[in-house]
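The structure appears below as structure tokens.
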Amino acid sequence: MLFGRCRALAAVVILLSAAPSFAQQLGNDLPPGARPIFPQGMEIPSSATPTPALPLPDLTKRENFSAAMQLIILLTVLSLAPAILIMMTSFTRIIIVLSLLRQALGTQQLPPNQVLIGLSMFMTFLVMGPTWQRVNSEALQPYMNGSMDQKTALVKAQEPVREFMLEQITRSGNEEDVFLFHEFANRGKALPEKLNTSEVGTMTLIPAFMLSELKTAFLLGFKVYLPFLIIDMVISSVLISMGMMMLPPVLISLPFKLLLFVLVDGWRLIVHGLMGSFLVT
């Protein structure tokens with residue numbers, strides 16, 4: 001028993017004496033830049049010291065962007081595209097009017113949401129086509145060709161979109177919405193009686209444009225809703241006069257509303273009126 005303990009003690013002594021040389025060999029065998037793990041209290045060999053970190057490239061230059069960084073930026077822009085589409089284009093007015101039209105017809109979920117959103121998107125593409133062409137020719141293409149820096153391209157890209165939003169606000173007569181948000185954005189400052197368009201910031205113009213679009217969309221929706229409301233009232237009066245109070249009026253008025261809407265070519269009239277409301281006269 002004593003002999004076995006002596007052998008174990010001798011083995012431990014031999015391992016401890018060989019640990020520094022083993023650690024030195026381990027540090028030499030590791031790949032460049034890797035750091036070995038040493039026992040606590042043991043001196044780290046000089047060959048195992050980490051290499052100094054390389055300086056970061058200048059990311060303000062386009063040529064220093066890697067493919068991975070460009071992919072990240074592209075995904076970020078694509079994730080923000082739906083918000084830009086809703087807030088800065090004609091999509092809001094179109095989808096609200098079409099949704100109110102569906103409720104006025106009383107067809108529940110027909111047409112489905114996918115159909116209304118798809119129709120609204122393509123109508124938005126047609127309405128915003130000239131604006132997006134200006135953004136492409138005045139900002140995107142010069143930036144891609146290297147003749148314009150990123151900051152200048154961003155400013156140039158905002159100009160056509162700002163002109164579209166200001167034009168729609170002016171046509172709808174909702175200039176007070178711009179003053180409202182501009183006043184809250186510059187609270188505590190003396191504001192002039194007349195406000196130039198150049199003094200209105202983009203972050204102020206976007207919510208003012210959305211508020212103006214909501215007001216205009218509900219006004220158009222009321223005009224669309226009115227003839228169908230008259231049909232519902234007439235059908236209800238006829239059913240009550242006939243003593244058929246237990247029969248739902250919607251069940252009788254729905255075929256008449258669909259027939260009237262088809263006879264007057266309602267979809268074409270609605271789409272023509274919506275797209276025409278954005279055109280410059």
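Residues are referred to by chain and number: the chain letter is A, B, ... according to the order shown in the structure tokens, the number counts from 1 in that chain, and ligands are numbered separately from 1 in the order shown.
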Report as a tab-separated table the residues of stretch 73-175 of chain A within 10 Å of stretch 253-268 of chain A, each with its shortest atom pair and distance in Å (one decimal), using only C-alpha atoms, ordered by chain and increasing residue number.
residue	atom	partner	partner_atom	distance
A:Leu98	CA	A:Trp267	CA	9.6
A:Leu101	CA	A:Trp267	CA	9.8
A:Ala104	CA	A:Lys257	CA	9.0
A:Leu105	CA	A:Lys257	CA	6.4
A:Gly106	CA	A:Leu254	CA	6.6
A:Thr107	CA	A:Leu254	CA	7.6
Would you save the residues from that selection as an mmCIF file, in the first residue's frame, using C-alpha atoms?
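Okay, result.cif is ready:
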data_model
loop_
_atom_site.group_PDB
_atom_site.id
_atom_site.type_symbol
_atom_site.label_atom_id
_atom_site.label_comp_id
_atom_site.auth_asym_id
_atom_site.auth_seq_id
_atom_site.Cartn_x
_atom_site.Cartn_y
_atom_site.Cartn_z
ATOM 1 C CA LEU A 98 -61.777 49.879 -50.756
ATOM 2 C CA LEU A 101 -66.678 49.805 -50.069
ATOM 3 C CA ALA A 104 -71.016 49.091 -47.686
ATOM 4 C CA LEU A 105 -71.739 46.142 -49.979
ATOM 5 C CA GLY A 106 -72.216 43.922 -46.932
ATOM 6 C CA THR A 107 -70.295 41.016 -48.476
#
Residues within 12 Å of A:Leu126, please, as a PyMOL selection string. Count only C-alpha atoms; anything in the same chain fewer than 5 positions from it doesn't count.
chain A and resi 89-91+119-121+131-133+271+274-276+278-279
Could you save those same residues with C-alpha atoms as a compact mmCIF listing (two decimals), in the first residue's frame?
# COMPACT_ATOMS: atom_id res chain seq x y z
CA THR A 89 -47.56 56.99 -50.65
CA SER A 90 -51.17 56.81 -51.81
CA PHE A 91 -51.66 53.33 -50.30
CA LEU A 119 -55.18 45.88 -55.98
CA SER A 120 -54.18 48.75 -53.68
CA MET A 121 -50.49 48.02 -54.17
CA THR A 131 -42.32 60.17 -58.26
CA TRP A 132 -40.27 56.98 -58.05
CA GLN A 133 -38.83 57.59 -61.50
CA VAL A 271 -60.72 52.88 -59.20
CA LEU A 274 -59.36 57.04 -56.52
CA MET A 275 -56.52 57.34 -59.01
CA GLY A 276 -57.95 60.58 -60.38
CA PHE A 278 -54.10 62.05 -56.95
CA LEU A 279 -53.63 63.60 -60.39
Atom pair atom CA of A:Ser198 + atom CA of A:Arg162, distance 9.9 Å
Problem - Close residues, A:Ala153 itself excluded, 9 Å, only C-alpha atoms, min 6 positions apart in chain, as a PyMOL selection string - result: chain A and resi 138-140+142-143
Residues from the last selection, C-alpha atoms, saved as a PDB file, in the first residue's frame:
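part.pdb written:
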ATOM      1  CA  GLU A 138     -32.019  62.098 -59.529  1.00  0.00           C
ATOM      2  CA  ALA A 139     -30.673  60.138 -56.556  1.00  0.00           C
ATOM      3  CA  LEU A 140     -30.333  56.375 -56.955  1.00  0.00           C
ATOM      4  CA  PRO A 142     -26.022  58.940 -59.544  1.00  0.00           C
ATOM      5  CA  TYR A 143     -25.234  57.229 -56.236  1.00  0.00           C
TER       6      TYR A 143
END
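With only C-alpha atoms as the basis for measurement, A:Leu211 is the residue among A:Leu211, A:Ile117, A:Leu269, A:Ile95 that approaches A:Asn174 most closely.
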Fill in: Which of stretch 142-243 of chain A DSSP labels helix (DSSP H, G or I), written as a PyMOL selection string
chain A and resi 142-145+150-172+175-185+197-199+202-241
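Neighbours of A:Met88 closer than or equal to 8 Å, with only C-alpha atoms counted and sequence neighbours fewer than 6 positions away skipped, come out as A:Val161, A:Met165, A:Ile206, A:Phe209, A:Met210.
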Go ahead and dump the residues you just picked, N, CA and C atoms, as a PDB file, in the first residue's frame.
ATOM      1  N   VAL A 161     -40.489  62.923 -53.120  1.00  0.00           N
ATOM      2  CA  VAL A 161     -41.499  62.389 -52.202  1.00  0.00           C
ATOM      3  C   VAL A 161     -42.125  63.509 -51.382  1.00  0.00           C
ATOM      4  N   MET A 165     -46.163  64.628 -51.219  1.00  0.00           N
ATOM      5  CA  MET A 165     -46.952  64.747 -49.986  1.00  0.00           C
ATOM      6  C   MET A 165     -47.494  66.154 -49.808  1.00  0.00           C
ATOM      7  N   ILE A 206     -44.425  63.810 -42.666  1.00  0.00           N
ATOM      8  CA  ILE A 206     -44.981  62.465 -42.828  1.00  0.00           C
ATOM      9  C   ILE A 206     -46.254  62.265 -41.996  1.00  0.00           C
ATOM     10  N   PHE A 209     -49.063  64.303 -43.500  1.00  0.00           N
ATOM     11  CA  PHE A 209     -49.580  63.688 -44.730  1.00  0.00           C
ATOM     12  C   PHE A 209     -50.505  62.519 -44.407  1.00  0.00           C
ATOM     13  N   MET A 210     -50.139  61.691 -43.417  1.00  0.00           N
ATOM     14  CA  MET A 210     -50.994  60.568 -43.052  1.00  0.00           C
ATOM     15  C   MET A 210     -52.336  61.044 -42.495  1.00  0.00           C
TER      16      MET A 210
END
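Rounded to one decimal, atom CA of A:Asn196 and atom CA of A:Met87 lie 22.1 Å from each other.
Interatomic distance, atom CA of A:Asp177 against atom CA of A:Leu219: 16.2 Å.
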Show which residues sit within 12 Å of A:Thr216, as a PyMOL selection string. Count only C-alpha atoms, and ignore same-chain residues fewer than 4 positions away.
chain A and resi 90+92-94+96-97+168-174+209-212+220-223+274+277-278
Restricted to N, CA and C atoms, what would the selected residues look like written as a compact mmCIF listing (two decimals), in the first residue's frame?
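Produced file out-v3.txt, reproduced below:
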# COMPACT_ATOMS: atom_id res chain seq x y z
N SER A 90 -49.71 56.75 -51.71
CA SER A 90 -51.17 56.81 -51.81
C SER A 90 -51.84 55.55 -51.29
N THR A 92 -52.50 54.42 -48.29
CA THR A 92 -53.44 54.59 -47.16
C THR A 92 -54.83 54.96 -47.65
N ARG A 93 -54.92 55.96 -48.52
CA ARG A 93 -56.23 56.39 -49.01
C ARG A 93 -56.92 55.28 -49.79
N ILE A 94 -56.18 54.56 -50.61
CA ILE A 94 -56.79 53.55 -51.48
C ILE A 94 -57.33 52.39 -50.67
N ILE A 96 -58.20 52.23 -47.52
CA ILE A 96 -59.33 52.60 -46.65
C ILE A 96 -60.62 52.70 -47.45
N VAL A 97 -60.57 53.31 -48.62
CA VAL A 97 -61.78 53.45 -49.44
C VAL A 97 -62.28 52.08 -49.90
N GLN A 168 -50.46 66.74 -52.20
CA GLN A 168 -51.71 66.12 -51.80
C GLN A 168 -52.33 66.83 -50.60
N ILE A 169 -51.50 67.30 -49.69
CA ILE A 169 -52.03 68.06 -48.54
C ILE A 169 -52.68 69.36 -49.02
N THR A 170 -52.05 70.04 -49.97
CA THR A 170 -52.60 71.29 -50.49
C THR A 170 -53.89 71.05 -51.26
N ARG A 171 -53.93 70.00 -52.08
CA ARG A 171 -55.14 69.70 -52.85
C ARG A 171 -56.31 69.35 -51.95
N SER A 172 -56.04 68.71 -50.83
CA SER A 172 -57.11 68.34 -49.89
C SER A 172 -57.49 69.47 -48.95
N GLY A 173 -56.73 70.56 -48.95
CA GLY A 173 -57.01 71.69 -48.07
C GLY A 173 -56.74 71.40 -46.60
N ASN A 174 -55.72 70.58 -46.33
CA ASN A 174 -55.40 70.19 -44.96
C ASN A 174 -54.07 70.78 -44.51
N PHE A 209 -49.06 64.30 -43.50
CA PHE A 209 -49.58 63.69 -44.73
C PHE A 209 -50.51 62.52 -44.41
N MET A 210 -50.14 61.69 -43.42
CA MET A 210 -50.99 60.57 -43.05
C MET A 210 -52.34 61.04 -42.50
N LEU A 211 -52.30 62.09 -41.67
CA LEU A 211 -53.56 62.63 -41.13
C LEU A 211 -54.43 63.19 -42.25
N SER A 212 -53.82 63.85 -43.20
CA SER A 212 -54.58 64.38 -44.34
C SER A 212 -55.17 63.25 -45.18
N LEU A 220 -64.14 60.27 -48.92
CA LEU A 220 -64.46 59.49 -50.12
C LEU A 220 -65.27 58.25 -49.76
N GLY A 221 -64.94 57.62 -48.62
CA GLY A 221 -65.69 56.46 -48.19
C GLY A 221 -67.14 56.77 -47.88
N PHE A 222 -67.40 57.95 -47.33
CA PHE A 222 -68.80 58.36 -47.08
C PHE A 222 -69.58 58.49 -48.38
N LYS A 223 -68.96 59.06 -49.39
CA LYS A 223 -69.63 59.20 -50.68
C LYS A 223 -69.91 57.84 -51.31
N LEU A 274 -60.48 57.06 -57.46
CA LEU A 274 -59.36 57.04 -56.52
C LEU A 274 -58.08 57.51 -57.19
N SER A 277 -58.05 61.18 -58.02
CA SER A 277 -57.93 62.11 -56.91
C SER A 277 -56.48 62.49 -56.62
N PHE A 278 -55.52 61.75 -57.17
CA PHE A 278 -54.10 62.05 -56.95
C PHE A 278 -53.49 62.83 -58.10
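Of the listed residues (A:Met246, A:Ala157, A:Met203, A:Val238), A:Ala157 comes nearest to A:Arg134; the distances count only C-alpha atoms.
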Residue contacts of A:Val234 (12 Å, only C-alpha atoms) excluding same-chain residues fewer than 6 positions away, as a PDB file with N, CA and C atoms, in the first residue's frame:
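Result file follows (selection_29.pdb):
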ATOM      1  N   PRO A 227     -75.003  55.663 -51.345  1.00  0.00           N
ATOM      2  CA  PRO A 227     -76.045  54.984 -52.145  1.00  0.00           C
ATOM      3  C   PRO A 227     -76.432  53.615 -51.600  1.00  0.00           C
ATOM      4  N   PHE A 228     -75.469  52.872 -51.036  1.00  0.00           N
ATOM      5  CA  PHE A 228     -75.806  51.570 -50.467  1.00  0.00           C
ATOM      6  C   PHE A 228     -76.633  51.725 -49.192  1.00  0.00           C
ATOM      7  N   ILE A 240     -90.821  46.315 -43.364  1.00  0.00           N
ATOM      8  CA  ILE A 240     -91.650  46.671 -42.200  1.00  0.00           C
ATOM      9  C   ILE A 240     -93.094  46.919 -42.619  1.00  0.00           C
ATOM     10  N   SER A 241     -93.281  47.580 -43.782  1.00  0.00           N
ATOM     11  CA  SER A 241     -94.652  47.847 -44.249  1.00  0.00           C
ATOM     12  C   SER A 241     -95.387  46.568 -44.625  1.00  0.00           C
ATOM     13  N   PRO A 249     -83.096  42.462 -43.127  1.00  0.00           N
ATOM     14  CA  PRO A 249     -83.056  43.312 -44.334  1.00  0.00           C
ATOM     15  C   PRO A 249     -81.804  43.095 -45.170  1.00  0.00           C
ATOM     16  N   VAL A 250     -80.689  42.716 -44.525  1.00  0.00           N
ATOM     17  CA  VAL A 250     -79.444  42.507 -45.270  1.00  0.00           C
ATOM     18  C   VAL A 250     -79.603  41.368 -46.265  1.00  0.00           C
ATOM     19  N   ILE A 252     -82.101  40.636 -48.047  1.00  0.00           N
ATOM     20  CA  ILE A 252     -82.822  41.088 -49.242  1.00  0.00           C
ATOM     21  C   ILE A 252     -82.049  42.181 -49.967  1.00  0.00           C
ATOM     22  N   SER A 253     -81.396  43.063 -49.207  1.00  0.00           N
ATOM     23  CA  SER A 253     -80.724  44.203 -49.842  1.00  0.00           C
ATOM     24  C   SER A 253     -79.421  43.823 -50.519  1.00  0.00           C
ATOM     25  N   PHE A 256     -79.689  43.296 -54.327  1.00  0.00           N
ATOM     26  CA  PHE A 256     -79.965  44.554 -55.010  1.00  0.00           C
ATOM     27  C   PHE A 256     -78.712  45.442 -55.068  1.00  0.00           C
ATOM     28  N   LYS A 257     -77.953  45.443 -53.978  1.00  0.00           N
ATOM     29  CA  LYS A 257     -76.726  46.253 -53.976  1.00  0.00           C
ATOM     30  C   LYS A 257     -75.698  45.698 -54.957  1.00  0.00           C
TER      31      LYS A 257
END
